[in-house]
Every structure is written in C-alpha cells, then in structure tokens.
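Next comes structure28.cif, a file with mmCIF, C-alpha atoms and all ligand atoms.
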data_upload
#
loop_
_atom_site.label_atom_id
_atom_site.label_comp_id
_atom_site.auth_asym_id
_atom_site.auth_seq_id
_atom_site.Cartn_x
_atom_site.Cartn_y
_atom_site.Cartn_z
CA MET F 92 238.96 135.78 75.66
CA THR F 93 235.36 135.73 76.92
CA ASN F 94 234.54 132.87 74.53
CA ILE F 95 236.83 130.43 76.37
CA ALA F 96 235.34 131.44 79.70
CA LYS F 97 231.88 130.45 78.39
CA LEU F 98 233.04 127.12 76.91
CA PRO F 99 232.69 124.87 80.00
CA SER F 100 229.04 125.75 80.55
CA PHE F 101 228.28 125.23 76.84
CA LYS F 102 229.97 121.81 76.97
CA TYR F 103 227.90 120.95 80.03
CA TYR F 104 224.73 121.99 78.19
CA LEU F 105 225.69 119.78 75.22
CA GLN F 106 226.24 116.82 77.56
CA ILE F 107 222.75 117.21 79.05
CA VAL F 108 221.13 117.52 75.62
CA GLY F 109 223.08 114.46 74.49
CA ALA F 110 222.06 112.42 77.54
CA VAL F 111 218.36 113.31 77.18
CA PHE F 112 218.49 112.39 73.50
CA ALA F 113 220.19 109.04 74.25
CA ILE F 114 217.60 108.18 76.94
CA SER F 115 214.68 109.00 74.61
CA LEU F 116 216.16 106.77 71.88
CA LEU F 117 216.57 103.91 74.37
CA THR F 118 212.97 104.31 75.61
CA ALA F 119 211.63 104.28 72.05
CA HIS F 120 213.60 101.10 71.34
CA VAL F 121 212.32 99.29 74.46
CA ALA F 122 208.73 100.35 73.68
CA SER F 123 208.91 99.10 70.10
CA SER F 124 210.46 95.73 71.01
CA ASN F 125 207.65 95.15 73.56
CA GLU F 126 205.11 95.85 70.83
CA THR F 127 206.85 93.43 68.47
CA GLU F 128 206.67 90.66 71.09
CA GLU F 129 202.91 91.17 71.42
CA LEU F 130 202.49 90.85 67.68
CA GLN F 131 203.86 87.38 67.27
CA LEU F 132 203.01 83.80 68.11
CA THR F 133 205.35 81.97 70.49
CA ILE F 134 205.22 78.15 70.41
CA THR F 135 206.85 76.32 73.33
CA GLY F 136 206.55 72.95 75.10
CA ASN F 137 207.15 69.64 73.38
CA ILE F 138 208.66 70.95 70.13
CA GLN F 139 211.97 70.69 68.30
CA SER F 140 213.89 73.92 69.04
CA GLU F 141 217.41 74.86 70.21
CA ASN F 142 216.21 77.37 72.82
CA GLY F 143 212.78 75.89 73.56
CA ALA F 144 210.68 78.42 71.63
CA ILE F 145 209.73 79.18 68.03
CA TYR F 146 208.33 82.57 67.02
CA PHE F 147 206.04 83.42 64.11
CA SER F 148 205.37 87.03 63.13
CA PRO F 149 202.43 87.72 60.80
CA GLY F 150 205.07 88.15 58.04
CA ASP F 151 206.55 84.70 58.78
CA MET F 152 203.05 83.25 58.65
CA ALA F 153 202.28 85.01 55.35
CA ALA F 154 205.46 83.50 53.86
CA SER F 155 204.01 79.97 54.29
CA THR F 156 201.52 78.38 51.88
CA PRO F 157 198.18 80.09 52.56
CA THR F 158 194.85 78.35 53.09
CA ASP F 159 191.59 80.27 52.72
CA ILE F 160 188.50 79.25 54.70
CA VAL F 161 185.33 80.77 53.25
CA THR F 162 182.61 80.42 55.86
CA THR F 163 180.04 82.13 58.00
CA SER F 164 181.11 82.57 61.62
CA PRO F 165 179.50 83.69 64.89
CA TRP F 166 181.65 86.88 64.79
CA THR F 167 181.30 88.10 61.22
CA SER F 168 178.34 88.73 58.88
CA GLY F 169 177.85 86.68 55.72
CA LYS F 170 180.50 84.58 54.00
CA THR F 171 183.88 85.61 55.30
CA VAL F 172 187.32 84.79 53.91
CA PHE F 173 189.82 83.85 56.61
CA ARG F 174 193.38 83.40 55.35
CA GLY F 175 195.96 81.52 57.39
CA VAL F 176 198.21 78.49 57.59
CA LEU F 177 196.90 74.98 58.31
CA LEU F 178 197.42 74.28 62.03
CA ARG F 179 198.62 70.74 61.23
CA ASP F 180 201.36 72.18 58.96
CA ILE F 181 202.54 74.61 61.66
CA LEU F 182 202.64 71.78 64.21
CA LYS F 183 204.58 69.61 61.77
CA SER F 184 207.07 72.44 61.07
CA VAL F 185 207.96 72.72 64.79
CA ASP F 186 207.84 68.90 65.23
CA ALA F 187 205.15 69.14 67.93
CA GLN F 188 204.74 65.95 69.96
CA GLY F 189 201.73 65.71 72.28
CA THR F 190 197.96 65.62 72.61
CA VAL F 191 196.94 69.16 73.57
CA LEU F 192 197.71 72.80 72.80
CA LYS F 193 197.38 75.30 75.63
CA ALA F 194 196.50 78.52 73.84
CA SER F 195 196.58 82.05 75.31
CA ALA F 196 195.58 85.46 74.01
CA VAL F 197 196.52 89.11 74.62
CA ASP F 198 193.24 89.64 76.56
CA GLY F 199 194.16 86.87 79.05
CA TYR F 200 191.75 84.30 77.58
CA THR F 201 193.10 80.73 77.55
CA VAL F 202 191.71 77.50 76.10
CA GLU F 203 192.89 73.94 75.45
CA ILE F 204 192.73 72.63 71.89
CA PRO F 205 193.13 68.86 71.31
CA ILE F 206 195.84 68.29 68.68
CA SER F 207 193.49 65.70 67.10
CA ASP F 208 191.30 68.66 65.92
CA ALA F 209 194.11 69.66 63.55
CA GLU F 210 193.98 66.19 61.92
CA LYS F 211 190.15 66.01 61.79
CA PHE F 212 189.55 69.52 60.43
CA ASP F 213 191.30 71.85 57.96
CA MET F 214 191.60 74.47 60.69
CA ILE F 215 193.98 77.41 60.32
CA ILE F 216 195.93 79.97 62.27
CA ALA F 217 194.41 82.99 60.52
CA TYR F 218 196.15 86.32 59.97
CA ARG F 219 193.78 87.98 57.46
CA LEU F 220 190.03 88.58 57.35
CA ASN F 221 188.44 89.52 54.00
CA GLY F 222 191.85 90.51 52.64
CA VAL F 223 192.84 92.74 55.56
CA ALA F 224 195.43 91.92 58.26
CA LEU F 225 193.79 91.09 61.60
CA GLU F 226 193.73 94.28 63.60
CA GLU F 227 195.74 94.57 66.78
CA ASP F 228 193.54 95.06 69.90
CA VAL F 229 190.63 93.43 68.03
CA TYR F 230 191.35 89.92 66.68
CA GLY F 231 195.07 90.15 65.81
CA PRO F 232 197.76 89.06 65.54
CA PHE F 233 196.31 85.54 65.05
CA TRP F 234 192.98 83.76 65.29
CA ILE F 235 192.27 80.01 65.37
CA ILE F 236 189.57 79.38 62.75
CA TYR F 237 187.71 76.13 62.00
CA PRO F 238 185.87 75.59 58.65
CA TYR F 239 182.51 76.04 60.46
CA ASP F 240 180.26 75.64 57.40
CA SER F 241 181.93 72.40 56.27
CA ASP F 242 180.74 70.19 59.15
CA GLU F 243 177.73 70.59 61.47
CA THR F 244 179.82 69.17 64.33
CA LEU F 245 181.60 72.55 64.34
CA ALA F 246 178.41 74.37 65.42
CA GLN F 247 179.10 73.10 68.96
CA GLU F 248 180.00 75.67 71.62
CA LYS F 249 183.30 73.89 72.37
CA TYR F 250 184.62 74.70 68.90
CA HIS F 251 183.60 78.34 69.27
CA ALA F 252 185.45 78.45 72.60
CA ARG F 253 188.57 77.01 70.89
CA SER F 254 188.38 79.76 68.24
CA ILE F 255 190.74 81.98 70.22
CA TRP F 256 191.47 85.41 68.76
CA GLN F 257 194.41 87.70 69.72
CA LEU F 258 196.39 84.44 69.93
CA THR F 259 200.04 84.90 70.99
CA LYS F 260 201.02 81.65 72.77
CA LEU F 261 200.74 77.92 72.14
CA VAL F 262 202.22 75.39 74.56
CA VAL F 263 202.42 71.82 73.21
CA GLU F 264 201.81 69.16 75.89
N1 LIG L 301 190.93 85.99 72.81
C1 LIG L 301 189.70 85.50 73.06
N2 LIG L 301 189.19 84.53 72.26
C2 LIG L 301 187.95 84.02 72.52
C3 LIG L 301 187.19 84.46 73.60
C4 LIG L 301 187.74 85.48 74.41
O1 LIG L 301 187.12 85.96 75.38
N3 LIG L 301 189.00 85.98 74.11
N4 LIG L 301 185.96 83.86 73.86
C5 LIG L 301 185.81 82.48 73.36
C6 LIG L 301 184.50 81.87 73.62
S1 LIG L 301 184.18 81.23 75.17
C7 LIG L 301 183.59 81.72 72.64
S2 LIG L 301 182.15 80.85 72.83
C8 LIG L 301 183.84 82.32 71.36
C9 LIG L 301 182.75 83.29 71.05
O2 LIG L 301 182.77 84.35 71.91
P1 LIG L 301 181.66 85.48 71.77
O3 LIG L 301 180.34 84.77 71.73
O4 LIG L 301 181.85 86.31 72.98
O5 LIG L 301 181.93 86.23 70.50
O6 LIG L 301 185.10 82.97 71.23
C10 LIG L 301 186.18 82.40 71.93
N5 LIG L 301 187.46 83.06 71.69
MO MO L 302 181.93 80.55 75.06
#
For this file, produce the structure as structure tokens.
Amino acid sequence: MTNIAKLPSFKYYLQIVGAVFAISLLTAHVASSNETEELQLTITGNIQSENGAIYFSPGDMAASTPTDIVTTSPWTSGKTVFRGVLLRDILKSVDAQGTVLKASAVDGYTVEIPISDAEKFDMIIAYRLNGVALEEDVYGPFWIIYPYDSDETLAQEKYHARSIWQLTKLVVE
C-alpha cells in the first residue's frame, strides 16, 4: 500500500496550495476595495447622515439629473463639454448646513469653496469631459467646474483655484 504512505505529504501539499490561493484572493480583495475608495466622493461635516458620511461613486453621480457646461477653460482647448451634477443639488441632497466646503483631492491639493458660490453660479461636480469619463490619475474621479464663459467674474484666479480636479473629499463647515 505505497499510495497510503504517500497520502500525508500530498495532503500537506494541498494545504499549502490552498493557503497560498486564499491569501492571494484576500490581497486582491483588499487592493480592489482601496481603489474603489479612491474613486468616490466622500461628503462629511455638517450634513444629514446616520454615520456622518455620504459617498458618491461616478455611477451614483451619473444616476442624478445631469447638467452640461459648455465652456472654454484654462485646462482644455476650445469649447469643452463638462457633464456633472449641480453642486447646489448635491448639497441639498445631503442637507448641508454651513458656509464653506473644505475640498481635497487625490494629489493632496486642498481648497476652500464658499457655499454661496453654488447659489450664485450653476457650478457642477463634473464626471465627464467631452463625453468621456474623467480619467483616474488625471482629473478623475470628480472635478469642480464653474461656467467660466457665462460671467467675466469667473476669470479671476480664485475661481480657477477652486476648480479642484481629482476631487474625493468635501467637508461641510
Ligand atoms: N487637484 C488639484 N486641483 C487643482 C490644482 C491642483 O494642484 N490639484 N491647482 C489649482 C489651482 S491653484 C489653479 S489656479 C487651477 C489651475 O491650475 P493650473 O494653472 O496648474 O492648471 O487649478 C486648481 N485645481
Ligand atoms: Mo492657482
């Protein structure tokens, strides 16, 4: 019965293969959930939420009524179509109460946006540029866009600085 004599070492081999396979699955899962977190917008601060945060993936954003801004911009050539959701509608949907948004991006850039801008201008949280989803590691997942061509006030540097790309966090204060 040489087969039985070999069985324990074969079982041991199977256990190692199984363990390595399980670890690689776990690693893949952790890696993909980190990526997913990067690709969404987290709104916290003075909002209406059970656990203090509301998340928007690009898919969630695309499910809301879209607004197109057709404008020139300092970052694109010629008339560009930015598609997104009106910032004032997003703020209303989370019941934001406050005067300022503290915005942060994947690249570490941060800027403060007065909430009054969202009432004055039809500004959007954009997720598409000329019909294509904003590319990760470039401008995606989200980009704050003002209707630059609609009002010469918006040519000011401060509005360009508030046009944060790679946006992933808004804190309402
Ligand atoms: N994520 C992110 N958004 C950003 C910036 C940045 O460095 N990172 N620069 C801001 C500033 S200060 C300005 S004036 C405008 C234009 O930047 P640019 O002239 O470098 O294109 O984008 C704004 N949005
Ligand atoms: Mo700037």
Ligand LIG 301 (chain L) neighbours within 10 Å using only C-alpha atoms and all ligand atoms, as a ChimeraX atom specification
/F:164-167,194-202,228-231,233-236,247-259
Please return, as a PyMOL selection string, all polymer residues that have at least one atom within 6 Å of the point (185.6, 78.4, 61.7); use all atoms listed in the file and the file's own coordinate frame.
chain F and resi 236-239
For a quick check of understanding, using only C-alpha atoms and all ligand atoms, which of F:Ala153, F:Ala246, F:Val191, F:Ile216 has the smallest distance to ligand MO 302 (chain L)?
F:Ala246
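Between atom CA of F:Pro205 and atom CA of F:Asn137 the separation is 14.2 Å.
Each of F:Gln188, F:Ser207, F:Ser241, F:Thr156 was compared to F:Val263 using all atoms listed in the file, and F:Gln188 turns out to be the nearest.
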Selection near stretch 208-213 of chain F, 9 Å with all atoms listed in the file, sequence-local residues under 5 positions removed, as a PyMOL selection string
chain F and resi 158+160+177-180+182+237-238+242
